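coords_20.txt, holding compact mmCIF, C-alpha atoms and all ligand atoms:
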```txt
# COMPACT_ATOMS: atom_id res chain seq x y z
CA MET A 1 28.54 9.04 -32.98
CA PHE A 2 30.34 10.07 -29.86
CA LEU A 3 30.87 13.51 -28.45
CA CYS A 4 32.74 14.17 -25.23
CA VAL A 5 32.64 17.59 -23.67
CA LYS A 6 34.43 18.99 -20.67
CA PHE A 7 31.84 20.17 -18.19
CA HIS A 8 32.64 21.48 -14.68
CA MET A 9 35.91 19.58 -14.66
CA LYS A 10 34.07 16.33 -15.32
CA TYR A 11 33.75 14.58 -18.63
CA ILE A 12 30.23 13.93 -19.76
CA CYS A 13 29.90 11.85 -22.88
CA ILE A 14 26.98 12.34 -25.18
CA ILE A 15 26.09 9.67 -27.70
CA PHE A 16 23.49 10.01 -30.39
CA VAL A 17 21.73 6.72 -30.87
CA PHE A 18 18.80 5.42 -32.83
CA VAL A 19 18.00 2.23 -31.01
CA PHE A 20 16.26 2.85 -27.68
CA LEU A 21 12.80 3.77 -28.89
CA PRO A 22 11.14 3.15 -32.24
CA SER A 23 11.58 6.71 -33.41
CA VAL A 24 12.85 8.17 -36.63
CA TYR A 25 14.54 10.92 -34.67
CA ALA A 26 17.90 10.90 -32.94
CA GLN A 27 17.83 10.59 -29.20
CA GLU A 28 20.43 12.11 -26.97
CA VAL A 29 21.95 9.84 -24.36
CA SER A 30 24.03 11.42 -21.62
CA TYR A 31 26.16 10.01 -18.84
CA ASP A 32 27.13 11.86 -15.69
CA SER A 33 29.93 10.33 -13.62
CA ARG A 34 28.09 11.37 -10.41
CA LYS A 35 25.08 9.19 -11.26
CA ASN A 36 24.46 5.46 -11.61
CA HIS A 37 21.87 5.93 -14.35
CA PHE A 38 22.18 7.33 -17.83
CA ILE A 39 19.61 9.68 -19.37
CA ILE A 40 17.89 9.22 -22.71
CA GLN A 41 16.31 12.51 -23.76
CA ASN A 42 13.72 12.71 -26.50
CA ASN A 43 10.63 14.73 -27.37
CA LEU A 44 6.95 13.94 -27.21
CA GLY A 45 5.37 15.37 -30.37
CA GLU A 46 8.73 15.80 -32.13
CA LYS A 47 8.63 18.58 -34.78
CA THR A 48 5.11 19.68 -33.81
CA GLU A 49 3.82 22.88 -32.20
CA TYR A 50 3.43 20.91 -28.92
CA GLU A 51 6.91 19.31 -28.89
CA THR A 52 7.99 18.79 -25.28
CA PRO A 53 10.99 16.95 -23.79
CA PHE A 54 10.91 13.78 -21.74
CA TYR A 55 13.75 12.09 -19.86
CA ILE A 56 14.37 8.37 -19.33
CA LEU A 57 16.60 7.84 -16.27
CA ARG A 58 17.73 4.26 -16.75
CA SER A 59 20.03 2.00 -14.79
CA GLU A 60 21.63 -1.10 -16.20
CA LYS A 61 18.55 -3.07 -15.08
CA GLU A 62 15.56 -1.60 -16.94
CA TYR A 63 12.75 -2.70 -14.60
CA PRO A 64 10.86 -1.76 -12.45
CA LYS A 65 9.84 1.25 -14.54
CA ILE A 66 7.67 4.24 -13.62
CA VAL A 67 6.44 7.17 -15.72
CA ILE A 68 5.77 10.52 -14.04
CA ASP A 69 3.93 13.16 -16.09
CA ALA A 70 3.04 16.74 -15.17
CA CYS A 71 1.23 19.70 -16.71
CA ILE A 72 -1.49 17.90 -18.60
CA HIS A 73 -3.07 21.07 -17.22
CA GLY A 74 -0.55 23.82 -17.99
CA ASP A 75 -1.28 26.06 -15.00
CA GLU A 76 -0.82 23.28 -12.41
CA VAL A 77 2.90 24.00 -12.25
CA ALA A 78 4.11 22.41 -8.97
CA GLY A 79 4.46 18.99 -10.63
CA ALA A 80 6.60 20.41 -13.45
CA PHE A 81 9.04 22.06 -11.04
CA ALA A 82 9.08 18.92 -8.88
CA CYS A 83 10.07 16.90 -11.98
CA ASP A 84 12.88 19.40 -12.65
CA SER A 85 14.25 18.79 -9.12
CA VAL A 86 13.89 15.02 -9.39
CA LEU A 87 15.76 15.10 -12.73
CA LYS A 88 18.56 17.01 -11.03
CA TYR A 89 18.90 15.19 -7.70
CA LEU A 90 17.66 11.63 -8.25
CA ASN A 91 20.22 8.87 -8.68
CA VAL A 92 18.62 5.64 -9.96
CA THR A 93 20.62 2.56 -9.01
CA GLU A 94 18.10 -0.05 -10.21
CA GLY A 95 15.14 0.40 -12.58
CA THR A 96 13.92 3.25 -14.76
CA VAL A 97 12.23 6.58 -14.03
CA VAL A 98 10.67 8.46 -16.96
CA LEU A 99 9.86 12.15 -16.45
CA ILE A 100 7.57 14.16 -18.75
CA PRO A 101 7.59 17.50 -16.89
CA ARG A 102 5.42 19.62 -19.21
CA VAL A 103 3.01 17.48 -21.22
CA ASN A 104 0.98 20.45 -22.48
CA ILE A 105 3.92 22.83 -22.86
CA LYS A 106 1.92 25.40 -24.86
CA SER A 107 -0.56 25.86 -22.02
CA PHE A 108 2.31 25.81 -19.47
CA ASN A 109 4.07 28.60 -21.38
CA GLN A 110 0.97 30.77 -21.42
CA GLY A 111 0.03 29.89 -17.82
CA THR A 112 -3.40 28.45 -18.58
CA ARG A 113 -5.16 25.14 -17.96
CA GLU A 114 -5.57 24.57 -21.70
CA VAL A 115 -5.15 26.32 -25.04
CA ASN A 116 -8.17 25.06 -27.02
CA ILE A 117 -9.70 22.20 -25.08
CA ASP A 118 -9.06 20.32 -21.80
CA LEU A 119 -6.30 17.82 -22.70
CA ASN A 120 -7.26 15.60 -19.77
CA GLN A 121 -10.73 14.99 -21.24
CA VAL A 122 -9.83 14.09 -24.85
CA PHE A 123 -8.22 10.69 -24.39
CA PRO A 124 -7.29 8.41 -26.09
CA GLY A 125 -6.87 11.27 -28.59
CA ASN A 126 -7.06 11.48 -32.35
CA PHE A 127 -4.01 11.79 -34.61
CA LYS A 128 -6.11 13.30 -37.42
CA SER A 129 -7.72 16.03 -35.32
CA GLU A 130 -7.28 19.70 -36.16
CA ILE A 131 -7.12 20.43 -32.43
CA TYR A 132 -3.57 19.87 -31.22
CA GLU A 133 -4.61 18.63 -27.75
CA GLU A 134 -6.31 15.63 -29.38
CA ARG A 135 -3.17 14.83 -31.38
CA LEU A 136 -1.06 15.30 -28.23
CA ALA A 137 -3.32 12.90 -26.29
CA TYR A 138 -2.83 10.32 -29.07
CA ASP A 139 0.97 10.78 -29.05
CA PHE A 140 1.04 10.60 -25.25
CA MET A 141 -0.82 7.27 -25.26
CA LYS A 142 1.56 5.91 -27.91
CA LEU A 143 4.56 6.93 -25.82
CA ILE A 144 3.21 5.18 -22.71
CA GLU A 145 2.46 2.11 -24.81
CA VAL A 146 6.04 2.02 -26.16
CA LEU A 147 7.64 2.65 -22.75
CA GLU A 148 5.71 -0.24 -21.11
CA PRO A 149 5.98 1.06 -17.52
CA ASN A 150 4.72 -0.78 -14.43
CA VAL A 151 2.88 2.32 -13.27
CA VAL A 152 2.09 5.87 -14.45
CA ILE A 153 1.75 8.80 -12.02
CA ASN A 154 0.00 11.99 -13.14
CA LEU A 155 0.80 15.22 -11.30
CA HIS A 156 -2.03 17.75 -10.93
CA GLU A 157 -3.25 20.50 -8.60
CA ALA A 158 -6.70 21.41 -7.28
CA TRP A 159 -8.15 24.52 -5.64
CA THR A 160 -10.29 22.88 -2.91
CA ARG A 161 -8.96 20.94 0.06
CA PHE A 162 -10.45 17.44 0.42
CA ASN A 163 -13.56 17.58 2.56
CA GLU A 164 -15.72 14.52 3.35
CA SER A 165 -19.11 16.23 3.13
CA LEU A 166 -18.19 18.08 -0.07
CA TYR A 167 -16.87 14.82 -1.54
CA GLU A 168 -20.10 12.96 -0.72
CA ARG A 169 -21.97 15.47 -2.85
CA GLN A 170 -19.37 15.74 -5.64
CA LYS A 171 -17.46 12.52 -6.25
CA ASP A 172 -16.27 13.58 -9.68
CA LYS A 173 -14.50 16.70 -8.44
CA SER A 174 -10.72 16.75 -7.91
CA PHE A 175 -9.64 17.87 -4.45
CA GLY A 176 -6.26 19.01 -3.14
CA GLN A 177 -3.85 16.87 -1.04
CA VAL A 178 -5.15 13.57 -2.44
CA ILE A 179 -4.03 10.56 -4.44
CA ILE A 180 -6.73 9.70 -6.96
CA THR A 181 -7.61 6.16 -7.99
CA ASN A 182 -10.45 4.94 -10.22
CA LYS A 183 -10.91 1.81 -8.08
CA ASP A 184 -13.11 1.91 -4.99
CA THR A 185 -10.90 -0.59 -3.17
CA PHE A 186 -7.38 0.57 -2.42
CA PRO A 187 -4.44 -1.77 -3.09
CA VAL A 188 -1.62 -2.18 -0.54
CA PHE A 189 0.66 -0.45 -3.06
CA LEU A 190 -1.42 2.71 -2.67
CA THR A 191 -1.93 2.58 1.10
CA ASN A 192 1.84 2.09 1.53
CA VAL A 193 2.52 5.14 -0.67
CA LEU A 194 0.00 7.16 1.34
CA ALA A 195 1.60 6.16 4.66
CA ASN A 196 5.06 7.04 3.30
CA ILE A 197 3.91 10.48 2.09
CA ASN A 198 2.06 11.33 5.30
CA SER A 199 5.02 10.30 7.48
CA GLN A 200 6.77 13.29 5.86
CA VAL A 201 3.91 15.80 6.15
CA ASN A 202 4.46 17.80 9.33
CA ASP A 203 1.39 20.04 9.05
CA LYS A 204 -1.53 17.73 9.90
CA GLU A 205 -3.92 19.96 7.98
CA ASN A 206 -2.07 19.03 4.78
CA VAL A 207 -2.03 15.24 5.12
CA PHE A 208 -2.98 13.33 1.96
CA ARG A 209 -5.99 11.09 1.47
CA ILE A 210 -6.91 8.55 -1.17
CA GLN A 211 -9.82 9.74 -3.30
CA TYR A 212 -11.90 7.35 -5.38
CA PHE A 213 -12.79 9.10 -8.64
CA PRO A 214 -15.40 7.32 -10.80
CA TYR A 215 -14.38 6.15 -14.28
CA LYS A 216 -14.59 8.69 -17.11
CA PRO A 217 -14.19 7.28 -20.63
CA ASN A 218 -12.21 10.27 -22.00
CA HIS A 219 -9.98 10.80 -18.99
CA SER A 220 -6.19 10.33 -19.35
CA MET A 221 -5.72 8.15 -16.25
CA ASP A 222 -8.68 5.92 -17.09
CA ASN A 223 -7.39 5.39 -20.63
CA ILE A 224 -3.94 4.42 -19.36
CA ILE A 225 -5.60 1.90 -17.02
CA GLU A 226 -8.22 0.55 -19.41
CA LYS A 227 -6.51 0.60 -22.81
CA LEU A 228 -2.89 0.04 -21.81
CA LYS A 229 -3.65 -2.20 -18.80
CA THR A 230 -1.22 -0.15 -16.75
CA PRO A 231 -1.92 0.97 -13.17
CA SER A 232 -2.12 4.75 -12.90
CA TYR A 233 -2.70 7.22 -10.07
CA THR A 234 -2.99 10.99 -9.84
CA ILE A 235 -1.45 13.29 -7.25
CA GLU A 236 -3.31 16.52 -6.51
CA THR A 237 -1.62 19.17 -4.41
CA LEU A 238 -3.65 22.05 -2.96
CA ARG A 239 -3.16 25.12 -5.13
CA ILE A 240 -3.89 27.68 -2.41
CA LEU A 241 -0.68 26.63 -0.61
CA PRO A 242 2.60 28.48 -1.37
CA LEU A 243 4.34 27.15 -4.51
CA ASP A 244 7.47 25.94 -2.67
CA GLU A 245 5.32 23.81 -0.30
CA ARG A 246 3.39 22.33 -3.21
CA ILE A 247 6.62 21.45 -5.01
CA THR A 248 7.91 19.77 -1.82
CA TYR A 249 4.70 17.73 -1.52
CA GLN A 250 4.97 16.73 -5.18
CA ILE A 251 8.60 15.62 -4.73
CA ILE A 252 7.70 13.63 -1.58
CA SER A 253 4.86 11.96 -3.52
CA ILE A 254 7.01 11.17 -6.59
CA LEU A 255 9.72 9.58 -4.43
CA ALA A 256 7.13 7.59 -2.43
CA PHE A 257 5.72 6.12 -5.65
CA ILE A 258 9.21 5.40 -7.04
CA GLU A 259 10.13 3.60 -3.82
CA GLU A 260 6.91 1.57 -3.66
CA ALA A 261 7.36 0.59 -7.33
CA GLY A 262 10.54 -1.19 -6.21
CA ILE A 263 13.00 1.14 -7.92
CA LYS A 264 16.28 1.59 -6.02
CA PHE A 265 17.59 5.13 -5.77
CA THR A 266 19.22 7.82 -3.70
CA TYR A 267 18.08 11.43 -3.55
CA ASP A 268 20.72 13.91 -2.53
CA ARG A 269 19.83 17.57 -2.19
ZN ZN A 301 -5.33 18.95 -13.42
```

Take the structure I supplied and represent it as C-alpha cells, if you would.
Ligand SMILES: [Zn+2]
Amino acid sequence: MFLCVKFHMKYICIIFVFVFLPSVYAQEVSYDSRKNHFIIQNNLGEKTEYETPFYILRSEKEYPKIVIDACIHGDEVAGAFACDSVLKYLNVTEGTVVLIPRVNIKSFNQGTREVNIDLNQVFPGNFKSEIYEERLAYDFMKLIEVLEPNVVINLHEAWTRFNESLYERQKDKSFGQVIITNKDTFPVFLTNVLANINSQVNDKENVFRIQYFPYKPNHSMDNIIEKLKTPSYTIETLRILPLDERITYQIISILAFIEEAGIKFTYDR
C-alpha cells in the first residue's frame, strides 16, 4: 500500500508494511527527501493503556544499531524532549538509531515517576501481571530482544550532583551528570564517550563522570545486559539545572554514544 502526500512542497511517501518487525500490526514507514534514513514508526504496547510510539531511523546499512530510551521514570523529562530533537534533526547515513522517547507514557502524561510501581525495578517484567508496569517491562524487553541492537542507552535524571564522599557512602544511589555502568572497570567505549561529552560541557561544574552502580536483579539496565547480552549504559542529568540545559546535555550525550557506536550521521540544527 502506497500513499504519497504533498507536504511543505516536498513529497513524502508513506508505505504501510508488515515485514520489518514480527508484529501483527501495521507499521508506518516514512521517507523524507531531506534525510538519508527512512523511519519505521510503531508502538510499544500496541492497543494497551500504555501504548507509546518508537521510531527506527534506518539507513540502507542496518548496523551498527543503537537504542535510546527515555522516561522509564515519567517525570525525568529532559531525555524525552532530547529524543524529540534528535528525531527531528538527526540524519543517519549509516546504521540504525531507535528512539523510544516516552517508555512510561502514562507517568509522563501525569508528570510522576510512576503510576503504580517503579517501572525501573520490575524487570524483566511479567506479561500476566495485573500491574501494567510489569507488563510494560516485559514488552520492553521483548522489543529490545527483537531489535538486536549493539548497545542500549537509558536516559534518566537525578536530583543530587555526583559527589565523591556521598558516593562512597551510597553506591546504589543515582547521581546527576553521570554515565552509569554496572561494571567496575570502564571500557574504552565508555571513556571515549565521556571525553566527547565533556569536551562540549563549558561549565566545569557540570562535567560528567562515570558512576559504577552495583548490579540489581530487577533493574532495567542490568536485565538488558544480563538476559539479552547487550551492553547498556544510563545517562543521568542533574534535575536542579534549567530544563533547556538538561535537554542540551542529553542531546550531547545521545550523539556521543551514537558516534562511538560507529553510526555515521549529521546533526543539523
Ligand atoms: Zn530515573

- [ ] Tell me, as a list in words, which residues lie within 10 Å of Lys106 (chain A), counting all atoms listed in the file; anything in the same chain fewer than 6 positions away does not count.
- [x]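 Near Lys106 (chain A), the qualifying residues are Glu49, Tyr50, Glu51, Thr52, Cys71, Gly74, Thr112, Arg113, Glu114, Val115 and Glu133 of chain A.
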
Spatial neighbours of region 75-82 of chain A, 7 Å, all atoms listed in the file, chain gap at least 2 places, as a PDB file with C-alpha atoms, in the frame of the given file:
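As written to disk, result_10.pdb reads:
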```
ATOM      1  CA  ALA A  70       3.040  16.740 -15.170  1.00  0.00           C
ATOM      2  CA  CYS A  71       1.230  19.700 -16.710  1.00  0.00           C
ATOM      3  CA  HIS A  73      -3.070  21.070 -17.220  1.00  0.00           C
ATOM      4  CA  ASP A  84      12.880  19.400 -12.650  1.00  0.00           C
ATOM      5  CA  SER A  85      14.250  18.790  -9.120  1.00  0.00           C
ATOM      6  CA  VAL A  86      13.890  15.020  -9.390  1.00  0.00           C
ATOM      7  CA  PRO A 101       7.590  17.500 -16.890  1.00  0.00           C
ATOM      8  CA  ARG A 102       5.420  19.620 -19.210  1.00  0.00           C
ATOM      9  CA  PHE A 108       2.310  25.810 -19.470  1.00  0.00           C
ATOM     10  CA  GLY A 111       0.030  29.890 -17.820  1.00  0.00           C
ATOM     11  CA  THR A 112      -3.400  28.450 -18.580  1.00  0.00           C
ATOM     12  CA  ARG A 113      -5.160  25.140 -17.960  1.00  0.00           C
ATOM     13  CA  LEU A 155       0.800  15.220 -11.300  1.00  0.00           C
ATOM     14  CA  HIS A 156      -2.030  17.750 -10.930  1.00  0.00           C
ATOM     15  CA  GLU A 157      -3.250  20.500  -8.600  1.00  0.00           C
ATOM     16  CA  LEU A 243       4.340  27.150  -4.510  1.00  0.00           C
ATOM     17  CA  ARG A 246       3.390  22.330  -3.210  1.00  0.00           C
ATOM     18  CA  ILE A 247       6.620  21.450  -5.010  1.00  0.00           C
ATOM     19  CA  GLN A 250       4.970  16.730  -5.180  1.00  0.00           C
ATOM     20  CA  ILE A 251       8.600  15.620  -4.730  1.00  0.00           C
TER      21      ILE A 251
END
```

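You can rank A:Lys35, A:Lys216, A:Ile144, A:Glu130 by their closest distance to Phe54 (chain A) using all atoms listed in the file, and at the top of that list sits A:Ile144.
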
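With distances taken over only C-alpha atoms and all ligand atoms, A:Met221 is the one residue among A:Val193, A:Val188, A:Met221, A:Leu44 lying closest to ligand ZN 301 (chain A).
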
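CA of Asp184 (chain A) is found 21.3 Å from CA of Thr160 (chain A).
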
Could you work out an axis-aligned box for region 205-220 of chain A, taking every atom the file lists and adding 4 Å on each side, and report centre and edge lengths in Å to one decimal, as AutoDock Vina command-line options?
```
--center_x -8.7 --center_y 13.1 --center_z -7.0 --size_x 21.4 --size_y 21.8 --size_z 38.0
```

Open item on the list: I'd like to know which of A:Ala158, A:Ile105, A:Ile225, A:Ile39 is closest to ligand ZN 301 (chain A), using only C-alpha atoms and all ligand atoms.
Closed with: A:Ala158

- [ ] Just give me the gap between CA of Lys142 (chain A) and CA of Asn109 (chain A) in Å, one decimal is fine.
- [x]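 Those two atoms sit 23.7 Å apart.
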
Open item on the list: Counting only C-alpha atoms, which residues sit no farther than 12 Å from the position (6.2, -4.9, -19.5) in the file's frame? I'd like them as a PyMOL selection string.
Closed with: chain A and resi 62-66+144-151+228-231

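Among the candidates A:Tyr132, A:Tyr55, A:Tyr138, A:Phe175, the residue lying nearest to ligand ZN 301 (chain A) is A:Phe175 (atoms considered: only C-alpha atoms and all ligand atoms).
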
Task: Top pick for closest residue to Thr185 (chain A), considering A:Ile68, A:Ile210, A:Met141, A:Val201 and counting all atoms listed in the file - done: A:Ile210

TODO: Tell me which of A:Leu241, A:Ile56, A:Leu119, A:Cys83 sits closest to Ser30 (chain A), counting only C-alpha atoms.
DONE: A:Ile56

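Taking CA of Glu28 (chain A) and CA of Phe127 (chain A) as endpoints, the distance between them is 25.6 Å.
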
Open item on the list: Residues proximal to (-0.2, 0.3, -3.8) were defined as those with any atom within 10 Å of that point in the file's coordinates, counting only C-alpha atoms. Which are they, as a list of chain:residue names?
Closed with: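 Residues close enough to count: A:Phe186, A:Pro187, A:Val188, A:Phe189, A:Leu190, A:Thr191, A:Asn192, A:Val193, A:Leu194, A:Pro231, A:Tyr233, A:Phe257, A:Glu260, A:Ala261.
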
Open item on the list: Quick one: residues within 9 Å of Glu94 (chain A), only C-alpha atoms, excluding same-chain residues fewer than 4 positions away - as a list in words?
Closed with: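 Surrounding residues, per the criterion: Asn36, His37, Arg58, Ser59, Glu60, Lys61, Glu62, Tyr63, Pro64, Gly262, Ile263, Lys264 and Phe265 of chain A.
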
Can you tell me which residues surround Ile197 (chain A) at a distance of at most 12 Å, considering only C-alpha atoms, apart from same-chain residues fewer than 6 positions away, and format the answer as a compact mmCIF listing (two decimals) with C-alpha atoms, in the coordinates of the input?
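Writing the result to selection.txt gives the following:
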```txt
# COMPACT_ATOMS: atom_id res chain seq x y z
CA GLN A 177 -3.85 16.87 -1.04
CA VAL A 178 -5.15 13.57 -2.44
CA ILE A 179 -4.03 10.56 -4.44
CA LEU A 190 -1.42 2.71 -2.67
CA THR A 191 -1.93 2.58 1.10
CA LYS A 204 -1.53 17.73 9.90
CA ASN A 206 -2.07 19.03 4.78
CA VAL A 207 -2.03 15.24 5.12
CA PHE A 208 -2.98 13.33 1.96
CA ARG A 209 -5.99 11.09 1.47
CA ILE A 210 -6.91 8.55 -1.17
CA ILE A 235 -1.45 13.29 -7.25
CA THR A 248 7.91 19.77 -1.82
CA TYR A 249 4.70 17.73 -1.52
CA GLN A 250 4.97 16.73 -5.18
CA ILE A 251 8.60 15.62 -4.73
CA ILE A 252 7.70 13.63 -1.58
CA SER A 253 4.86 11.96 -3.52
CA ILE A 254 7.01 11.17 -6.59
CA LEU A 255 9.72 9.58 -4.43
CA ALA A 256 7.13 7.59 -2.43
CA PHE A 257 5.72 6.12 -5.65
CA ILE A 258 9.21 5.40 -7.04
CA GLU A 259 10.13 3.60 -3.82
CA GLU A 260 6.91 1.57 -3.66
```

From the structure just shown, export region 33-65 of chain A with N, CA and C atoms as a short mmCIF file (atom, residue, chain, number, x, y, z; two decimals), in the first residue's frame.
```cif
data_model
loop_
_atom_site.label_atom_id
_atom_site.label_comp_id
_atom_site.auth_asym_id
_atom_site.auth_seq_id
_atom_site.Cartn_x
_atom_site.Cartn_y
_atom_site.Cartn_z
N SER A 33 12.78 13.45 1.83
CA SER A 33 13.83 13.66 0.84
C SER A 33 15.03 14.40 1.41
N ARG A 34 14.87 15.05 2.59
CA ARG A 34 16.00 15.78 3.20
C ARG A 34 16.91 14.85 4.00
N LYS A 35 16.49 13.61 4.20
CA LYS A 35 17.23 12.69 5.07
C LYS A 35 17.75 11.48 4.28
N ASN A 36 18.85 10.90 4.77
CA ASN A 36 19.37 9.68 4.17
C ASN A 36 18.67 8.43 4.71
N HIS A 37 18.12 8.53 5.91
CA HIS A 37 17.46 7.36 6.51
C HIS A 37 15.95 7.39 6.22
N PHE A 38 15.33 6.26 6.44
CA PHE A 38 13.86 6.23 6.47
C PHE A 38 13.45 5.91 7.90
N ILE A 39 12.19 6.19 8.22
CA ILE A 39 11.72 5.99 9.59
C ILE A 39 10.62 4.94 9.62
N ILE A 40 10.81 3.93 10.46
CA ILE A 40 9.75 2.96 10.73
C ILE A 40 9.16 3.33 12.07
N GLN A 41 7.89 3.66 12.09
CA GLN A 41 7.23 4.02 13.35
C GLN A 41 6.29 2.90 13.78
N ASN A 42 6.36 2.55 15.05
CA ASN A 42 5.48 1.52 15.58
C ASN A 42 5.20 1.87 17.04
N ASN A 43 4.45 1.05 17.72
CA ASN A 43 4.15 1.30 19.12
C ASN A 43 4.61 0.15 20.01
N LEU A 44 5.17 0.53 21.14
CA LEU A 44 5.43 -0.43 22.21
C LEU A 44 4.12 -0.56 22.97
N GLY A 45 3.69 -1.79 23.25
CA GLY A 45 2.42 -1.99 23.95
C GLY A 45 1.22 -1.61 23.10
N GLU A 46 1.28 -1.97 21.82
CA GLU A 46 0.18 -1.64 20.88
C GLU A 46 -1.17 -2.09 21.45
N LYS A 47 -2.15 -1.18 21.39
CA LYS A 47 -3.53 -1.44 21.82
C LYS A 47 -3.66 -1.71 23.32
N THR A 48 -2.71 -1.18 24.10
CA THR A 48 -2.82 -1.28 25.56
C THR A 48 -2.94 0.12 26.15
N GLU A 49 -3.20 0.19 27.44
CA GLU A 49 -3.30 1.50 28.10
C GLU A 49 -1.95 2.22 28.12
N TYR A 50 -0.83 1.47 27.93
CA TYR A 50 0.50 2.09 27.99
C TYR A 50 1.16 2.20 26.62
N GLU A 51 0.34 2.10 25.55
CA GLU A 51 0.86 2.21 24.18
C GLU A 51 1.67 3.50 23.99
N THR A 52 2.88 3.35 23.46
CA THR A 52 3.76 4.51 23.28
C THR A 52 4.59 4.33 22.02
N PRO A 53 4.77 5.40 21.23
CA PRO A 53 5.47 5.23 19.95
C PRO A 53 6.98 5.04 20.08
N PHE A 54 7.54 4.32 19.13
CA PHE A 54 9.00 4.31 18.97
C PHE A 54 9.32 4.49 17.50
N TYR A 55 10.55 4.92 17.22
CA TYR A 55 10.95 5.31 15.87
C TYR A 55 12.28 4.63 15.53
N ILE A 56 12.30 3.94 14.39
CA ILE A 56 13.52 3.30 13.92
C ILE A 56 14.04 4.13 12.75
N LEU A 57 15.17 4.83 12.97
CA LEU A 57 15.79 5.64 11.92
C LEU A 57 16.85 4.77 11.27
N ARG A 58 16.56 4.27 10.08
CA ARG A 58 17.40 3.25 9.47
C ARG A 58 17.97 3.69 8.14
N SER A 59 19.26 3.49 7.96
CA SER A 59 19.87 3.74 6.65
C SER A 59 19.84 2.42 5.89
N GLU A 60 20.35 2.46 4.69
CA GLU A 60 20.38 1.25 3.87
C GLU A 60 21.14 0.13 4.59
N LYS A 61 22.25 0.49 5.25
CA LYS A 61 23.02 -0.47 6.04
C LYS A 61 22.46 -0.47 7.46
N GLU A 62 21.98 -1.63 7.92
CA GLU A 62 21.25 -1.67 9.20
C GLU A 62 22.14 -1.46 10.43
N TYR A 63 23.37 -1.99 10.38
CA TYR A 63 24.24 -1.92 11.56
C TYR A 63 25.41 -0.98 11.31
N PRO A 64 25.96 -0.40 12.41
CA PRO A 64 25.67 -0.55 13.84
C PRO A 64 24.28 -0.02 14.21
N LYS A 65 23.76 -0.55 15.31
CA LYS A 65 22.41 -0.16 15.76
C LYS A 65 22.42 0.18 17.25
#
```
